[in-house]
file run30.cif (mmCIF, N, CA and C atoms)
data_protein
#
loop_
_atom_site.label_atom_id
_atom_site.label_comp_id
_atom_site.auth_asym_id
_atom_site.auth_seq_id
_atom_site.Cartn_x
_atom_site.Cartn_y
_atom_site.Cartn_z
N MET A 1 11.64 -20.58 -17.88
CA MET A 1 12.32 -19.33 -17.62
C MET A 1 11.43 -18.13 -17.99
N THR A 2 10.63 -18.24 -19.03
CA THR A 2 9.78 -17.12 -19.42
C THR A 2 8.74 -16.79 -18.36
N ALA A 3 8.26 -17.79 -17.64
CA ALA A 3 7.27 -17.53 -16.59
C ALA A 3 7.88 -16.64 -15.51
N ILE A 4 9.13 -16.90 -15.16
CA ILE A 4 9.80 -16.08 -14.15
C ILE A 4 10.00 -14.67 -14.70
N ALA A 5 10.43 -14.56 -15.94
CA ALA A 5 10.62 -13.23 -16.54
C ALA A 5 9.28 -12.50 -16.59
N GLY A 6 8.21 -13.22 -16.94
CA GLY A 6 6.89 -12.59 -16.98
C GLY A 6 6.47 -12.09 -15.61
N CYS A 7 6.77 -12.87 -14.57
CA CYS A 7 6.46 -12.45 -13.20
C CYS A 7 7.19 -11.16 -12.87
N ALA A 8 8.47 -11.12 -13.20
CA ALA A 8 9.25 -9.93 -12.88
C ALA A 8 8.72 -8.71 -13.64
N GLU A 9 8.39 -8.90 -14.91
CA GLU A 9 7.87 -7.79 -15.70
C GLU A 9 6.52 -7.33 -15.14
N ASP A 10 5.69 -8.28 -14.77
CA ASP A 10 4.38 -7.96 -14.22
C ASP A 10 4.52 -7.28 -12.86
N ALA A 11 5.43 -7.77 -12.03
CA ALA A 11 5.61 -7.24 -10.68
C ALA A 11 6.13 -5.81 -10.71
N GLY A 12 7.02 -5.51 -11.63
CA GLY A 12 7.65 -4.19 -11.66
C GLY A 12 6.66 -3.03 -11.73
N PRO A 13 5.88 -2.93 -12.80
CA PRO A 13 4.94 -1.80 -12.91
C PRO A 13 3.88 -1.80 -11.81
N THR A 14 3.38 -2.97 -11.45
CA THR A 14 2.35 -3.05 -10.41
C THR A 14 2.91 -2.60 -9.07
N CYS A 15 4.07 -3.09 -8.72
CA CYS A 15 4.68 -2.72 -7.44
C CYS A 15 5.09 -1.25 -7.44
N ASP A 16 5.65 -0.78 -8.56
CA ASP A 16 5.99 0.65 -8.65
C ASP A 16 4.76 1.51 -8.40
N GLU A 17 3.66 1.18 -9.04
CA GLU A 17 2.42 1.96 -8.89
C GLU A 17 1.89 1.86 -7.46
N ALA A 18 1.93 0.68 -6.87
CA ALA A 18 1.46 0.50 -5.49
C ALA A 18 2.23 1.40 -4.54
N PHE A 19 3.54 1.46 -4.69
CA PHE A 19 4.33 2.28 -3.79
C PHE A 19 4.19 3.77 -4.10
N ARG A 20 3.93 4.12 -5.35
CA ARG A 20 3.62 5.54 -5.67
C ARG A 20 2.33 5.95 -4.96
N ILE A 21 1.33 5.07 -5.01
CA ILE A 21 0.04 5.34 -4.35
C ILE A 21 0.25 5.52 -2.84
N LEU A 22 0.99 4.60 -2.24
CA LEU A 22 1.23 4.66 -0.80
C LEU A 22 2.04 5.90 -0.41
N ASP A 23 3.07 6.21 -1.19
CA ASP A 23 3.88 7.40 -0.91
C ASP A 23 3.06 8.68 -1.02
N ALA A 24 2.22 8.76 -2.05
CA ALA A 24 1.38 9.94 -2.24
C ALA A 24 0.39 10.11 -1.08
N ALA A 25 -0.19 9.00 -0.62
CA ALA A 25 -1.13 9.06 0.51
C ALA A 25 -0.42 9.55 1.76
N GLY A 26 0.77 9.01 2.00
CA GLY A 26 1.55 9.43 3.18
C GLY A 26 1.93 10.90 3.11
N ALA A 27 2.34 11.35 1.92
CA ALA A 27 2.73 12.75 1.76
C ALA A 27 1.53 13.68 1.95
N GLU A 28 0.39 13.31 1.38
CA GLU A 28 -0.81 14.13 1.53
C GLU A 28 -1.26 14.18 2.99
N ALA A 29 -1.20 13.04 3.66
CA ALA A 29 -1.60 12.99 5.07
C ALA A 29 -0.69 13.87 5.93
N LYS A 30 0.61 13.83 5.63
CA LYS A 30 1.55 14.67 6.40
C LYS A 30 1.29 16.14 6.15
N SER A 31 1.01 16.52 4.92
CA SER A 31 0.83 17.93 4.60
C SER A 31 -0.46 18.50 5.19
N THR A 32 -1.44 17.64 5.44
CA THR A 32 -2.71 18.13 6.00
C THR A 32 -2.89 17.73 7.46
N ALA A 33 -1.88 17.11 8.05
CA ALA A 33 -2.01 16.57 9.41
C ALA A 33 -2.42 17.62 10.44
N ALA A 34 -1.92 18.82 10.33
CA ALA A 34 -2.21 19.85 11.33
C ALA A 34 -3.70 20.21 11.37
N GLN A 35 -4.34 20.29 10.22
CA GLN A 35 -5.73 20.71 10.20
C GLN A 35 -6.75 19.57 10.05
N ALA A 36 -6.29 18.36 9.75
CA ALA A 36 -7.22 17.25 9.52
C ALA A 36 -7.35 16.37 10.75
N THR A 37 -8.58 15.98 11.05
CA THR A 37 -8.83 15.03 12.14
C THR A 37 -9.85 14.01 11.66
N GLY A 38 -9.92 12.88 12.36
CA GLY A 38 -10.93 11.87 12.07
C GLY A 38 -10.94 11.43 10.62
N SER A 39 -12.14 11.44 10.03
CA SER A 39 -12.28 10.94 8.66
C SER A 39 -11.54 11.81 7.65
N ALA A 40 -11.37 13.10 7.93
CA ALA A 40 -10.61 13.96 7.02
C ALA A 40 -9.14 13.52 6.99
N ALA A 41 -8.62 13.14 8.14
CA ALA A 41 -7.24 12.68 8.21
C ALA A 41 -7.07 11.34 7.48
N GLY A 42 -8.11 10.54 7.46
CA GLY A 42 -8.03 9.23 6.83
C GLY A 42 -8.30 9.22 5.34
N ARG A 43 -8.82 10.32 4.80
CA ARG A 43 -9.20 10.36 3.39
C ARG A 43 -8.09 9.92 2.44
N PRO A 44 -6.83 10.41 2.59
CA PRO A 44 -5.79 9.95 1.65
C PRO A 44 -5.57 8.43 1.70
N PHE A 45 -5.73 7.85 2.88
CA PHE A 45 -5.52 6.41 3.03
C PHE A 45 -6.70 5.61 2.47
N ALA A 46 -7.90 6.14 2.63
CA ALA A 46 -9.08 5.49 2.06
C ALA A 46 -8.97 5.49 0.53
N GLU A 47 -8.54 6.62 -0.03
CA GLU A 47 -8.35 6.70 -1.49
C GLU A 47 -7.25 5.75 -1.95
N ALA A 48 -6.18 5.65 -1.16
CA ALA A 48 -5.08 4.74 -1.51
C ALA A 48 -5.57 3.29 -1.52
N ALA A 49 -6.40 2.93 -0.53
CA ALA A 49 -6.93 1.56 -0.47
C ALA A 49 -7.74 1.25 -1.73
N THR A 50 -8.56 2.19 -2.15
CA THR A 50 -9.38 2.00 -3.35
C THR A 50 -8.48 1.84 -4.58
N ARG A 51 -7.47 2.67 -4.68
CA ARG A 51 -6.56 2.60 -5.84
C ARG A 51 -5.74 1.31 -5.85
N LEU A 52 -5.34 0.84 -4.66
CA LEU A 52 -4.59 -0.43 -4.59
C LEU A 52 -5.45 -1.59 -5.07
N ARG A 53 -6.72 -1.58 -4.69
CA ARG A 53 -7.63 -2.65 -5.11
C ARG A 53 -7.84 -2.64 -6.63
N ALA A 54 -7.69 -1.48 -7.25
CA ALA A 54 -7.91 -1.35 -8.69
C ALA A 54 -6.70 -1.78 -9.52
N LEU A 55 -5.54 -1.93 -8.88
CA LEU A 55 -4.35 -2.34 -9.63
C LEU A 55 -4.54 -3.74 -10.20
N GLU A 56 -4.08 -3.92 -11.42
CA GLU A 56 -4.23 -5.21 -12.09
C GLU A 56 -2.87 -5.90 -12.17
N THR A 57 -2.89 -7.17 -11.82
CA THR A 57 -1.69 -8.00 -11.95
C THR A 57 -2.13 -9.45 -12.11
N SER A 58 -1.36 -10.19 -12.86
CA SER A 58 -1.67 -11.62 -13.00
C SER A 58 -0.96 -12.42 -11.90
N ASN A 59 -0.16 -11.75 -11.10
CA ASN A 59 0.57 -12.41 -10.03
C ASN A 59 -0.33 -12.52 -8.80
N GLU A 60 -0.78 -13.74 -8.51
CA GLU A 60 -1.74 -13.96 -7.42
C GLU A 60 -1.19 -13.58 -6.06
N GLU A 61 0.08 -13.84 -5.83
CA GLU A 61 0.68 -13.52 -4.53
C GLU A 61 0.68 -12.00 -4.30
N ILE A 62 1.03 -11.25 -5.32
CA ILE A 62 1.02 -9.78 -5.21
C ILE A 62 -0.41 -9.28 -5.08
N LYS A 63 -1.32 -9.86 -5.83
CA LYS A 63 -2.74 -9.46 -5.77
C LYS A 63 -3.29 -9.65 -4.34
N ARG A 64 -2.98 -10.78 -3.72
CA ARG A 64 -3.44 -11.04 -2.34
C ARG A 64 -2.83 -10.04 -1.37
N ARG A 65 -1.56 -9.72 -1.53
CA ARG A 65 -0.89 -8.79 -0.61
C ARG A 65 -1.42 -7.37 -0.81
N LEU A 66 -1.71 -6.99 -2.05
CA LEU A 66 -2.32 -5.67 -2.28
C LEU A 66 -3.66 -5.57 -1.56
N ALA A 67 -4.44 -6.65 -1.63
CA ALA A 67 -5.74 -6.67 -0.95
C ALA A 67 -5.55 -6.58 0.56
N LYS A 68 -4.52 -7.24 1.08
CA LYS A 68 -4.23 -7.20 2.52
C LYS A 68 -3.84 -5.78 2.94
N VAL A 69 -2.98 -5.12 2.18
CA VAL A 69 -2.59 -3.75 2.50
C VAL A 69 -3.81 -2.83 2.44
N ALA A 70 -4.63 -3.00 1.41
CA ALA A 70 -5.84 -2.16 1.28
C ALA A 70 -6.75 -2.37 2.49
N GLY A 71 -6.92 -3.61 2.93
CA GLY A 71 -7.74 -3.89 4.10
C GLY A 71 -7.17 -3.26 5.36
N SER A 72 -5.86 -3.31 5.51
CA SER A 72 -5.21 -2.67 6.66
C SER A 72 -5.40 -1.17 6.63
N LEU A 73 -5.32 -0.59 5.43
CA LEU A 73 -5.56 0.86 5.31
C LEU A 73 -7.00 1.20 5.70
N ASP A 74 -7.95 0.38 5.28
CA ASP A 74 -9.35 0.61 5.67
C ASP A 74 -9.50 0.58 7.19
N GLU A 75 -8.88 -0.40 7.82
CA GLU A 75 -8.96 -0.50 9.28
C GLU A 75 -8.28 0.69 9.95
N PHE A 76 -7.19 1.17 9.36
CA PHE A 76 -6.50 2.35 9.89
C PHE A 76 -7.42 3.57 9.83
N VAL A 77 -8.10 3.75 8.70
CA VAL A 77 -9.02 4.88 8.55
C VAL A 77 -10.13 4.79 9.60
N THR A 78 -10.68 3.61 9.81
CA THR A 78 -11.70 3.42 10.84
C THR A 78 -11.15 3.75 12.21
N SER A 79 -9.93 3.33 12.49
CA SER A 79 -9.33 3.58 13.82
C SER A 79 -9.08 5.06 14.06
N LEU A 80 -8.83 5.83 13.00
CA LEU A 80 -8.64 7.28 13.16
C LEU A 80 -9.91 7.93 13.72
N ASP A 81 -11.06 7.42 13.31
CA ASP A 81 -12.33 7.94 13.81
C ASP A 81 -12.58 7.52 15.26
N GLU A 82 -12.01 6.38 15.65
CA GLU A 82 -12.32 5.82 16.97
C GLU A 82 -11.38 6.30 18.07
N GLY A 83 -10.20 6.76 17.74
CA GLY A 83 -9.30 7.25 18.78
C GLY A 83 -7.85 6.98 18.50
N GLN A 84 -7.01 7.73 19.19
CA GLN A 84 -5.58 7.72 18.95
C GLN A 84 -4.91 6.38 19.22
N ALA A 85 -5.28 5.72 20.32
CA ALA A 85 -4.61 4.46 20.68
C ALA A 85 -4.80 3.40 19.59
N GLY A 86 -6.03 3.25 19.13
CA GLY A 86 -6.30 2.28 18.07
C GLY A 86 -5.60 2.64 16.77
N ALA A 87 -5.50 3.93 16.50
CA ALA A 87 -4.85 4.38 15.26
C ALA A 87 -3.37 4.05 15.28
N LYS A 88 -2.72 4.22 16.41
CA LYS A 88 -1.28 3.91 16.50
C LYS A 88 -1.02 2.42 16.27
N LEU A 89 -1.86 1.59 16.87
CA LEU A 89 -1.72 0.14 16.68
C LEU A 89 -1.95 -0.24 15.23
N GLN A 90 -3.00 0.29 14.62
CA GLN A 90 -3.32 -0.05 13.25
C GLN A 90 -2.27 0.49 12.28
N GLU A 91 -1.67 1.63 12.61
CA GLU A 91 -0.59 2.18 11.78
C GLU A 91 0.57 1.19 11.73
N ALA A 92 0.87 0.54 12.86
CA ALA A 92 1.93 -0.45 12.91
C ALA A 92 1.60 -1.66 12.03
N VAL A 93 0.32 -2.06 12.02
CA VAL A 93 -0.12 -3.18 11.18
C VAL A 93 0.06 -2.82 9.70
N VAL A 94 -0.32 -1.60 9.34
CA VAL A 94 -0.16 -1.14 7.94
C VAL A 94 1.31 -1.20 7.55
N LYS A 95 2.19 -0.72 8.42
CA LYS A 95 3.63 -0.74 8.10
C LYS A 95 4.14 -2.16 7.89
N LEU A 96 3.70 -3.09 8.74
CA LEU A 96 4.10 -4.50 8.56
C LEU A 96 3.60 -5.04 7.22
N ASP A 97 2.35 -4.73 6.88
CA ASP A 97 1.79 -5.22 5.61
C ASP A 97 2.50 -4.61 4.41
N VAL A 98 2.86 -3.34 4.50
CA VAL A 98 3.57 -2.68 3.40
C VAL A 98 4.97 -3.29 3.26
N ASN A 99 5.64 -3.57 4.38
CA ASN A 99 6.95 -4.23 4.32
C ASN A 99 6.83 -5.61 3.69
N ALA A 100 5.77 -6.34 4.03
CA ALA A 100 5.55 -7.66 3.43
C ALA A 100 5.31 -7.53 1.93
N LEU A 101 4.56 -6.51 1.51
CA LEU A 101 4.34 -6.27 0.08
C LEU A 101 5.67 -6.02 -0.61
N SER A 102 6.51 -5.21 -0.01
CA SER A 102 7.83 -4.93 -0.59
C SER A 102 8.64 -6.21 -0.75
N GLY A 103 8.61 -7.07 0.26
CA GLY A 103 9.34 -8.34 0.18
C GLY A 103 8.81 -9.25 -0.91
N ILE A 104 7.50 -9.33 -1.04
CA ILE A 104 6.89 -10.18 -2.07
C ILE A 104 7.21 -9.63 -3.45
N CYS A 105 7.13 -8.31 -3.60
CA CYS A 105 7.48 -7.70 -4.90
C CYS A 105 8.94 -8.00 -5.25
N ALA A 106 9.83 -7.85 -4.26
CA ALA A 106 11.26 -8.12 -4.50
C ALA A 106 11.48 -9.57 -4.88
N LYS A 107 10.74 -10.47 -4.25
CA LYS A 107 10.86 -11.90 -4.55
C LYS A 107 10.51 -12.17 -6.02
N HIS A 108 9.65 -11.35 -6.58
CA HIS A 108 9.24 -11.52 -7.97
C HIS A 108 10.00 -10.61 -8.93
N GLY A 109 11.17 -10.13 -8.49
CA GLY A 109 12.06 -9.41 -9.39
C GLY A 109 11.93 -7.90 -9.37
N TRP A 110 11.12 -7.34 -8.51
CA TRP A 110 10.93 -5.89 -8.46
C TRP A 110 12.05 -5.26 -7.65
N LYS A 111 12.54 -4.12 -8.13
CA LYS A 111 13.50 -3.33 -7.38
C LYS A 111 12.89 -1.94 -7.21
N PRO A 112 12.86 -1.41 -5.98
CA PRO A 112 12.26 -0.10 -5.78
C PRO A 112 12.95 0.96 -6.62
N SER A 113 12.16 1.84 -7.17
CA SER A 113 12.69 2.96 -7.94
C SER A 113 13.22 4.01 -6.98
N THR A 114 14.35 4.59 -7.31
CA THR A 114 14.89 5.65 -6.47
C THR A 114 14.64 7.01 -7.10
N ALA A 115 14.02 7.03 -8.24
CA ALA A 115 13.73 8.30 -8.92
C ALA A 115 12.77 9.12 -8.08
N GLY A 116 13.12 10.36 -7.86
CA GLY A 116 12.24 11.26 -7.14
C GLY A 116 12.31 11.11 -5.64
N SER A 117 13.11 10.20 -5.12
CA SER A 117 13.17 10.02 -3.67
C SER A 117 14.20 10.93 -3.06
#

call {"tool": "encode", "arguments": {"input": "run30.cif", "output": "structure tokens"}}
result
Amino acid sequence: MTAIAGCAEDAGPTCDEAFRILDAAGAEAKSTAAQATGSAAGRPFAEAATRLRALETSNEEIKRRLAKVAGSLDEFVTSLDEGQAGAKLQEAVVKLDVNALSGICAKHGWKPSTAGS
């Protein structure tokens, strides 16, 4: 039973921080969307990918999913430089990966925080 409790405790702060990082990147991208194009538009997402990779967790499943989301964000940033059609497709992939991260976090006892939303 302690292993499960440890997973939940570990998942909570890591998942909370992951979603704070993702929310902040999305908010920054929206606020600068009018004037940012190409790599400037992708900067918040590139920074988010780096920060997600730096998160520490002993939960291997969450660690793998964080790496997957970070990789999808990297591909999204690259697609912004290459053109709108690729960016839209990659944005959908990022959303699927983020939803999968949410599901994995929930499976390990994490509940999204509603504070500040």

call {"tool": "atom_distance", "arguments": {"input": "run30.cif", "atom1": "atom C of Glu60 in chain A", "atom2": "atom N of Thr78 in chain A"}}
result
25.2 Å

call {"tool": "closest_residue", "arguments": {"input": "run30.cif", "among": "A:Cys15, A:Leu22, A:Ser72, A:Val77", "to": "Gly103 in chain A", "atoms": "only C-alpha atoms"}}
result
A:Cys15

call {"tool": "atom_distance", "arguments": {"input": "run30.cif", "atom1": "atom C of Glu75 in chain A", "atom2": "atom C of Cys105 in chain A"}}
result
24.6 Å

call {"tool": "closest_residue", "arguments": {"input": "run30.cif", "among": "A:Phe76, A:Gly26, A:Ile21, A:Ala40", "to": "Arg53 in chain A", "atoms": "only C-alpha atoms"}}
result
A:Ile21

call {"tool": "atom_distance", "arguments": {"input": "run30.cif", "atom1": "CA of Val69 in chain A", "atom2": "atom N of Pro13 in chain A"}}
result
17.5 Å

call {"tool": "resolve_selection", "arguments": {"input": "run30.cif", "expression": "the PyMOL selection byres (((chain A and resi 57 and name CA) around 12) and name CA)", "output": "number ranges by chain"}}
result
A: 6-15, 17-18, 52-56, 58-67, 105

call {"tool": "write_last_selection", "arguments": {"input": "run30.cif", "atoms": "N, CA and C atoms", "output": "mmCIF file, in the frame of the given file"}}
result
data_model
loop_
_atom_site.group_PDB
_atom_site.id
_atom_site.type_symbol
_atom_site.label_atom_id
_atom_site.label_comp_id
_atom_site.auth_asym_id
_atom_site.auth_seq_id
_atom_site.Cartn_x
_atom_site.Cartn_y
_atom_site.Cartn_z
ATOM 1 N N GLY A 6 8.210 -13.220 -16.940
ATOM 2 C CA GLY A 6 6.890 -12.590 -16.980
ATOM 3 C C GLY A 6 6.470 -12.090 -15.610
ATOM 4 N N CYS A 7 6.770 -12.870 -14.570
ATOM 5 C CA CYS A 7 6.460 -12.450 -13.200
ATOM 6 C C CYS A 7 7.190 -11.160 -12.870
ATOM 7 N N ALA A 8 8.470 -11.120 -13.200
ATOM 8 C CA ALA A 8 9.250 -9.930 -12.880
ATOM 9 C C ALA A 8 8.720 -8.710 -13.640
ATOM 10 N N GLU A 9 8.390 -8.900 -14.910
ATOM 11 C CA GLU A 9 7.870 -7.790 -15.700
ATOM 12 C C GLU A 9 6.520 -7.330 -15.140
ATOM 13 N N ASP A 10 5.690 -8.280 -14.770
ATOM 14 C CA ASP A 10 4.380 -7.960 -14.220
ATOM 15 C C ASP A 10 4.520 -7.280 -12.860
ATOM 16 N N ALA A 11 5.430 -7.770 -12.030
ATOM 17 C CA ALA A 11 5.610 -7.240 -10.680
ATOM 18 C C ALA A 11 6.130 -5.810 -10.710
ATOM 19 N N GLY A 12 7.020 -5.510 -11.630
ATOM 20 C CA GLY A 12 7.650 -4.190 -11.660
ATOM 21 C C GLY A 12 6.660 -3.030 -11.730
ATOM 22 N N PRO A 13 5.880 -2.930 -12.800
ATOM 23 C CA PRO A 13 4.940 -1.800 -12.910
ATOM 24 C C PRO A 13 3.880 -1.800 -11.810
ATOM 25 N N THR A 14 3.380 -2.970 -11.450
ATOM 26 C CA THR A 14 2.350 -3.050 -10.410
ATOM 27 C C THR A 14 2.910 -2.600 -9.070
ATOM 28 N N CYS A 15 4.070 -3.090 -8.720
ATOM 29 C CA CYS A 15 4.680 -2.720 -7.440
ATOM 30 C C CYS A 15 5.090 -1.250 -7.440
ATOM 31 N N GLU A 17 3.660 1.180 -9.040
ATOM 32 C CA GLU A 17 2.420 1.960 -8.890
ATOM 33 C C GLU A 17 1.890 1.860 -7.460
ATOM 34 N N ALA A 18 1.930 0.680 -6.870
ATOM 35 C CA ALA A 18 1.460 0.500 -5.490
ATOM 36 C C ALA A 18 2.230 1.400 -4.540
ATOM 37 N N LEU A 52 -5.340 0.840 -4.660
ATOM 38 C CA LEU A 52 -4.590 -0.430 -4.590
ATOM 39 C C LEU A 52 -5.450 -1.590 -5.070
ATOM 40 N N ARG A 53 -6.720 -1.580 -4.690
ATOM 41 C CA ARG A 53 -7.630 -2.650 -5.110
ATOM 42 C C ARG A 53 -7.840 -2.640 -6.630
ATOM 43 N N ALA A 54 -7.690 -1.480 -7.250
ATOM 44 C CA ALA A 54 -7.910 -1.350 -8.690
ATOM 45 C C ALA A 54 -6.700 -1.780 -9.520
ATOM 46 N N LEU A 55 -5.540 -1.930 -8.880
ATOM 47 C CA LEU A 55 -4.350 -2.340 -9.630
ATOM 48 C C LEU A 55 -4.540 -3.740 -10.200
ATOM 49 N N GLU A 56 -4.080 -3.920 -11.420
ATOM 50 C CA GLU A 56 -4.230 -5.210 -12.090
ATOM 51 C C GLU A 56 -2.870 -5.900 -12.170
ATOM 52 N N SER A 58 -1.360 -10.190 -12.860
ATOM 53 C CA SER A 58 -1.670 -11.620 -13.000
ATOM 54 C C SER A 58 -0.960 -12.420 -11.900
ATOM 55 N N ASN A 59 -0.160 -11.750 -11.100
ATOM 56 C CA ASN A 59 0.570 -12.410 -10.030
ATOM 57 C C ASN A 59 -0.330 -12.520 -8.800
ATOM 58 N N GLU A 60 -0.780 -13.740 -8.510
ATOM 59 C CA GLU A 60 -1.740 -13.960 -7.420
ATOM 60 C C GLU A 60 -1.190 -13.580 -6.060
ATOM 61 N N GLU A 61 0.080 -13.840 -5.830
ATOM 62 C CA GLU A 61 0.680 -13.520 -4.530
ATOM 63 C C GLU A 61 0.680 -12.000 -4.300
ATOM 64 N N ILE A 62 1.030 -11.250 -5.320
ATOM 65 C CA ILE A 62 1.020 -9.780 -5.210
ATOM 66 C C ILE A 62 -0.410 -9.280 -5.080
ATOM 67 N N LYS A 63 -1.320 -9.860 -5.830
ATOM 68 C CA LYS A 63 -2.740 -9.460 -5.770
ATOM 69 C C LYS A 63 -3.290 -9.650 -4.340
ATOM 70 N N ARG A 64 -2.980 -10.780 -3.720
ATOM 71 C CA ARG A 64 -3.440 -11.040 -2.340
ATOM 72 C C ARG A 64 -2.830 -10.040 -1.370
ATOM 73 N N ARG A 65 -1.560 -9.720 -1.530
ATOM 74 C CA ARG A 65 -0.890 -8.790 -0.610
ATOM 75 C C ARG A 65 -1.420 -7.370 -0.810
ATOM 76 N N LEU A 66 -1.710 -6.990 -2.050
ATOM 77 C CA LEU A 66 -2.320 -5.670 -2.280
ATOM 78 C C LEU A 66 -3.660 -5.570 -1.560
ATOM 79 N N ALA A 67 -4.440 -6.650 -1.630
ATOM 80 C CA ALA A 67 -5.740 -6.670 -0.950
ATOM 81 C C ALA A 67 -5.550 -6.580 0.560
ATOM 82 N N CYS A 105 7.130 -8.310 -3.600
ATOM 83 C CA CYS A 105 7.480 -7.700 -4.900
ATOM 84 C C CYS A 105 8.940 -8.000 -5.250
#

call {"tool": "residues_around", "arguments": {"input": "run30.cif", "residues": "Ala25 in chain A", "least_positions_apart": "4", "cutoff": "6 Å", "atoms": "all atoms listed in the file", "output": "NGL selection string"}}
result
:A and (20-21 or 29-30 or 44-45)

call {"tool": "select_by_dssp", "arguments": {"input": "run30.cif", "residues": "chain A", "states": "alpha helix (DSSP H)", "output": "MDAnalysis selection string"}}
result
chainID A and resid 2:32 38:54 60:82 84:107

call {"tool": "resolve_selection", "arguments": {"input": "run30.cif", "expression": "the PyMOL selection byres (((chain A and resi 81-85 and name CA) around 10) and name CA)", "output": "list of chain:residue names"}}
result
A:Thr37, A:Gly38, A:Ser39, A:Ala40, A:Ala41, A:Gly42, A:Phe76, A:Val77, A:Thr78, A:Ser79, A:Leu80, A:Gly86, A:Ala87, A:Lys88, A:Leu89, A:Gln90

call {"tool": "closest_residue", "arguments": {"input": "run30.cif", "among": "A:Asp16, A:Thr50, A:Ala100, A:Lys111", "to": "Gly71 in chain A", "atoms": "only N, CA and C atoms"}}
result
A:Thr50

call {"tool": "decode", "arguments": {"input": "run30.cif", "residues": "range 63-68 of chain A", "atoms": "all heavy atoms", "output": "PDB file, in the first residue's frame"}}
result
ATOM      1  N   LYS A  63       7.495   9.851 -16.166  1.00  0.00           N
ATOM      2  CA  LYS A  63       8.745  10.337 -16.762  1.00  0.00           C
ATOM      3  C   LYS A  63       8.736  10.132 -18.286  1.00  0.00           C
ATOM      4  O   LYS A  63       9.092  11.040 -19.047  1.00  0.00           O
ATOM      5  CB  LYS A  63       9.930   9.597 -16.136  1.00  0.00           C
ATOM      6  CG  LYS A  63      11.281  10.212 -16.412  1.00  0.00           C
ATOM      7  CD  LYS A  63      12.402   9.408 -15.770  1.00  0.00           C
ATOM      8  CE  LYS A  63      12.284   9.397 -14.276  1.00  0.00           C
ATOM      9  NZ  LYS A  63      13.402   8.765 -13.580  1.00  0.00           N
ATOM     10  N   ARG A  64       8.308   8.958 -18.732  1.00  0.00           N
ATOM     11  CA  ARG A  64       8.236   8.676 -20.176  1.00  0.00           C
ATOM     12  C   ARG A  64       7.235   9.596 -20.868  1.00  0.00           C
ATOM     13  O   ARG A  64       7.484  10.102 -21.967  1.00  0.00           O
ATOM     14  CB  ARG A  64       7.845   7.213 -20.426  1.00  0.00           C
ATOM     15  CG  ARG A  64       8.992   6.238 -20.269  1.00  0.00           C
ATOM     16  CD  ARG A  64       8.630   4.850 -20.776  1.00  0.00           C
ATOM     17  NE  ARG A  64       7.448   4.276 -20.149  1.00  0.00           N
ATOM     18  CZ  ARG A  64       7.446   3.613 -19.000  1.00  0.00           C
ATOM     19  NH1 ARG A  64       8.575   3.432 -18.337  1.00  0.00           N
ATOM     20  NH2 ARG A  64       6.331   3.128 -18.512  1.00  0.00           N
ATOM     21  N   ARG A  65       6.094   9.837 -20.237  1.00  0.00           N
ATOM     22  CA  ARG A  65       5.066  10.682 -20.853  1.00  0.00           C
ATOM     23  C   ARG A  65       5.518  12.140 -20.892  1.00  0.00           C
ATOM     24  O   ARG A  65       5.257  12.835 -21.869  1.00  0.00           O
ATOM     25  CB  ARG A  65       3.737  10.525 -20.108  1.00  0.00           C
ATOM     26  CG  ARG A  65       2.591  11.276 -20.728  1.00  0.00           C
ATOM     27  CD  ARG A  65       2.405  11.062 -22.210  1.00  0.00           C
ATOM     28  NE  ARG A  65       2.156   9.680 -22.551  1.00  0.00           N
ATOM     29  CZ  ARG A  65       1.875   9.272 -23.783  1.00  0.00           C
ATOM     30  NH1 ARG A  65       1.810  10.121 -24.779  1.00  0.00           N
ATOM     31  NH2 ARG A  65       1.690   7.998 -24.024  1.00  0.00           N
ATOM     32  N   LEU A  66       6.218  12.586 -19.853  1.00  0.00           N
ATOM     33  CA  LEU A  66       6.768  13.955 -19.883  1.00  0.00           C
ATOM     34  C   LEU A  66       7.736  14.114 -21.054  1.00  0.00           C
ATOM     35  O   LEU A  66       7.716  15.124 -21.761  1.00  0.00           O
ATOM     36  CB  LEU A  66       7.480  14.284 -18.568  1.00  0.00           C
ATOM     37  CG  LEU A  66       6.584  14.528 -17.356  1.00  0.00           C
ATOM     38  CD1 LEU A  66       7.431  14.585 -16.090  1.00  0.00           C
ATOM     39  CD2 LEU A  66       5.772  15.800 -17.526  1.00  0.00           C
ATOM     40  N   ALA A  67       8.568  13.088 -21.273  1.00  0.00           N
ATOM     41  CA  ALA A  67       9.515  13.127 -22.393  1.00  0.00           C
ATOM     42  C   ALA A  67       8.764  13.145 -23.721  1.00  0.00           C
ATOM     43  O   ALA A  67       9.158  13.851 -24.659  1.00  0.00           O
ATOM     44  CB  ALA A  67      10.464  11.932 -22.327  1.00  0.00           C
ATOM     45  N   LYS A  68       7.667  12.397 -23.800  1.00  0.00           N
ATOM     46  CA  LYS A  68       6.861  12.363 -25.028  1.00  0.00           C
ATOM     47  C   LYS A  68       6.239  13.733 -25.295  1.00  0.00           C
ATOM     48  O   LYS A  68       6.264  14.215 -26.432  1.00  0.00           O
ATOM     49  CB  LYS A  68       5.780  11.288 -24.887  1.00  0.00           C
ATOM     50  CG  LYS A  68       4.835  11.186 -26.036  1.00  0.00           C
ATOM     51  CD  LYS A  68       5.361  10.255 -27.097  1.00  0.00           C
ATOM     52  CE  LYS A  68       4.288   9.955 -28.124  1.00  0.00           C
ATOM     53  NZ  LYS A  68       4.648  10.370 -29.441  1.00  0.00           N
TER      54      LYS A  68
END
